[in-house]
Amino acid sequence: MAELGIDELQNIANKLRLDVIEMTTAAGSGHPGGSLSAADAIAALYFRVMNIDPADPYKEDRDRFVLSKGHAAPILYAALAERGYFPTEELITLRKIGSRLQGHPSYREVPGVEVTTGSLGQGLSMACGIALAGKLDKKDYRVYCLLGDGELQEGQNWEAAMFARAKGLNNMTVLVDRNKLQICGNTEEVLALDPLPEKFRAFGWNVTIVDGHNIRQIIEACFKASQAKKGPSVIILNTVKGKGVSFMENNVGFHGRSCKPDEYEKAVEELKAVIR
């Protein structure tokens, strides 16, 4: 696959957003808000950063991706389909009876899905296991793990953070979708996470903070993380929940609700306006 430019990658990110709106609206359920906030990072990973091959989804030296915030499955499915892991026409079957595109991703069902996720707070532990296996097997692959900020309120993440530092997992990059909204409100009002960068630094991690909607910054941060000699790396993505659709942005109501018919038409209109 030829290396895509930043403008092309931004176009893909917006196409992924459109896929999310169409999928969740057709399903009448799903989690569009946190899928839209992660679209730029997912586009950067799947179309530029990661060593993957849709024609050989499980090749030994592939990079691995763990979607810890499994409820954001629509953005992962959109990326996998647009990258060629399965037909894009299948996206519209999200959450339908008999569809392999379940509400949370299942590695037994969907090519390109590395682990089954959905129970929040567990993805980082699984990513650590995969990264440690790579070290023990002397493999060159890299592990990427996308966390929701709300799930960082789960204590298991911080056990995993200690483990990653103790085992020197410099082959792992964690990305935190820091949109500051979870299902029941603002993260800082539910259970404050800040100062989040200092917490990770205290656990011995390499920390980079970027605009989570600036694809160039995301790619540069991923490259910087891949060059780290000591310890695991985390990229904190400052994002906007519902990014790309005006009435969904910073609207906690769209954490787990799909568009109504009139909302769908407006969302599609806005997204098509920025897709070339």
# chains A, B, ... in the order shown; residues from 1 in each chain; ligands from 1

call {"tool": "residues_around", "arguments": {"residues": "range 57-59 of chain A", "least_positions_apart": "5", "cutoff": "10 Å", "atoms": "only C-alpha atoms", "output": "JSON, numbers by chain"}}
result
{"A": [52, 64, 85, 111, 112, 113, 114]}

call {"tool": "residues_around", "arguments": {"residues": "Gly231 in chain A", "least_positions_apart": "5", "cutoff": "10 Å", "atoms": "only C-alpha atoms", "output": "ChimeraX atom specification"}}
result
/A:164-173,203-206,225

call {"tool": "atom_distance", "arguments": {"atom1": "CA of Leu120 in chain A", "atom2": "CA of Val49 in chain A"}}
result
25.1 Å

call {"tool": "residues_around", "arguments": {"residues": "Arg178 in chain A", "least_positions_apart": "4", "cutoff": "7 Å", "atoms": "only C-alpha atoms", "output": "PyMOL selection string"}}
result
chain A and resi 148-149+236-239

call {"tool": "closest_atom_pairs", "arguments": {"of": "range 91-169 of chain A", "to": "range 189-192 of chain A", "cutoff": "12 Å", "atoms": "only C-alpha atoms", "output": "tab-separated table"}}
result
residue	atom	partner	partner_atom	distance
A:Asp149	CA	A:Ala192	CA	10.2
A:Gly150	CA	A:Leu191	CA	8.5
A:Glu151	CA	A:Leu191	CA	10.5
A:Leu152	CA	A:Leu191	CA	9.7
A:Gln153	CA	A:Leu191	CA	6.9
A:Glu154	CA	A:Leu191	CA	10.3

call {"tool": "residues_around", "arguments": {"residues": "Ala13 in chain A", "least_positions_apart": "6", "cutoff": "8 Å", "atoms": "only C-alpha atoms", "output": "ChimeraX atom specification"}}
result
/A:39-40,42-43

call {"tool": "select_by_dssp", "arguments": {"residues": "range 44-174 of chain A", "states": "strand (DSSP E)", "output": "JSON, numbers by chain"}}
result
{"A": [64, 65, 66, 67, 143, 144, 145, 146, 147, 148, 172, 173, 174]}

call {"tool": "write_last_selection", "arguments": {"atoms": "N, CA and C atoms", "output": "short mmCIF file (atom, residue, chain, number, x, y, z; two decimals), in the first residue's frame"}}
result
data_model
loop_
_atom_site.label_atom_id
_atom_site.label_comp_id
_atom_site.auth_asym_id
_atom_site.auth_seq_id
_atom_site.Cartn_x
_atom_site.Cartn_y
_atom_site.Cartn_z
N ARG A 64 -0.07 -5.60 16.28
CA ARG A 64 -1.34 -5.97 16.91
C ARG A 64 -2.04 -4.74 17.46
N PHE A 65 -3.36 -4.73 17.32
CA PHE A 65 -4.16 -3.63 17.86
C PHE A 65 -5.22 -4.17 18.80
N VAL A 66 -5.31 -3.57 19.99
CA VAL A 66 -6.31 -3.96 20.98
C VAL A 66 -7.22 -2.77 21.23
N LEU A 67 -8.50 -2.95 20.94
CA LEU A 67 -9.49 -1.91 21.21
C LEU A 67 -10.05 -2.15 22.61
N VAL A 143 2.69 -3.56 19.58
CA VAL A 143 1.32 -3.65 20.07
C VAL A 143 0.78 -2.25 20.31
N TYR A 144 -0.41 -1.98 19.77
CA TYR A 144 -1.10 -0.72 20.00
C TYR A 144 -2.39 -0.99 20.74
N CYS A 145 -2.70 -0.16 21.72
CA CYS A 145 -3.90 -0.36 22.53
C CYS A 145 -4.60 0.98 22.70
N LEU A 146 -5.88 1.03 22.31
CA LEU A 146 -6.66 2.26 22.46
C LEU A 146 -7.56 2.15 23.69
N LEU A 147 -7.35 3.07 24.63
CA LEU A 147 -8.13 3.12 25.87
C LEU A 147 -9.10 4.29 25.84
N GLY A 148 -10.26 4.11 26.43
CA GLY A 148 -11.14 5.23 26.71
C GLY A 148 -10.68 5.87 28.00
N MET A 172 5.26 -1.57 23.07
CA MET A 172 3.83 -1.30 23.21
C MET A 172 3.57 0.20 23.25
N THR A 173 2.58 0.64 22.50
CA THR A 173 2.13 2.03 22.52
C THR A 173 0.65 2.05 22.89
N VAL A 174 0.33 2.79 23.93
CA VAL A 174 -1.06 2.96 24.35
C VAL A 174 -1.53 4.34 23.92
#

call {"tool": "closest_atom_pairs", "arguments": {"of": "range 144-258 of chain A", "to": "range 27-30 of chain A", "cutoff": "7 Å", "atoms": "only C-alpha atoms", "output": "CSV"}}
result
residue,atom,partner,partner_atom,distance
A:Gly256,CA,A:Gly30,CA,5.6
A:Arg257,CA,A:Ser29,CA,5.8
A:Ser258,CA,A:Ser29,CA,5.1

call {"tool": "write_last_selection", "arguments": {"atoms": "all heavy atoms", "output": "PDB file, in the first residue's frame"}}
result
ATOM      1  N   GLY A 256     -24.055   6.473  23.785  1.00  0.00           N
ATOM      2  CA  GLY A 256     -24.610   5.175  23.420  1.00  0.00           C
ATOM      3  C   GLY A 256     -25.954   5.273  22.737  1.00  0.00           C
ATOM      4  O   GLY A 256     -26.810   4.404  22.931  1.00  0.00           O
ATOM      5  N   ARG A 257     -26.148   6.317  21.937  1.00  0.00           N
ATOM      6  CA  ARG A 257     -27.413   6.469  21.217  1.00  0.00           C
ATOM      7  C   ARG A 257     -27.156   6.782  19.760  1.00  0.00           C
ATOM      8  O   ARG A 257     -26.300   7.594  19.422  1.00  0.00           O
ATOM      9  CB  ARG A 257     -28.245   7.605  21.828  1.00  0.00           C
ATOM     10  CG  ARG A 257     -29.539   7.883  21.064  1.00  0.00           C
ATOM     11  CD  ARG A 257     -30.420   8.903  21.754  1.00  0.00           C
ATOM     12  NE  ARG A 257     -30.113  10.292  21.505  1.00  0.00           N
ATOM     13  CZ  ARG A 257     -30.397  10.957  20.376  1.00  0.00           C
ATOM     14  NH1 ARG A 257     -30.931  10.334  19.339  1.00  0.00           N
ATOM     15  NH2 ARG A 257     -30.117  12.235  20.265  1.00  0.00           N
ATOM     16  N   SER A 258     -27.901   6.121  18.880  1.00  0.00           N
ATOM     17  CA  SER A 258     -27.764   6.379  17.451  1.00  0.00           C
ATOM     18  C   SER A 258     -28.619   7.580  17.051  1.00  0.00           C
ATOM     19  O   SER A 258     -29.415   8.090  17.842  1.00  0.00           O
ATOM     20  CB  SER A 258     -28.198   5.149  16.654  1.00  0.00           C
ATOM     21  OG  SER A 258     -29.559   4.826  16.928  1.00  0.00           O
TER      22      SER A 258
END

call {"tool": "select_by_dssp", "arguments": {"residues": "range 31-226 of chain A", "states": "helix (DSSP H, G or I)", "output": "JSON, numbers by chain"}}
result
{"A": [32, 33, 34, 35, 36, 37, 39, 40, 41, 42, 43, 44, 45, 46, 47, 48, 49, 70, 71, 72, 73, 74, 75, 76, 77, 78, 79, 80, 81, 82, 83, 88, 89, 90, 91, 92, 93, 123, 124, 125, 126, 127, 128, 129, 130, 131, 132, 133, 134, 135, 136, 150, 151, 152, 153, 155, 156, 157, 158, 159, 160, 161, 162, 163, 164, 165, 166, 187, 188, 189, 190, 191, 196, 197, 198, 199, 200, 201, 202, 215, 216, 217, 218, 219, 220, 221, 222, 223, 224, 225, 226]}

call {"tool": "closest_residue", "arguments": {"among": "A:Arg62, A:Lys96, A:Arg83, A:Lys15", "to": "Lys139 in chain A", "atoms": "only C-alpha atoms"}}
result
A:Arg62

call {"tool": "residues_around", "arguments": {"residues": "Asn214 in chain A", "least_positions_apart": "3", "cutoff": "9 Å", "atoms": "only C-alpha atoms", "output": "ChimeraX atom specification"}}
result
/A:10,40-41,210-211,217-219
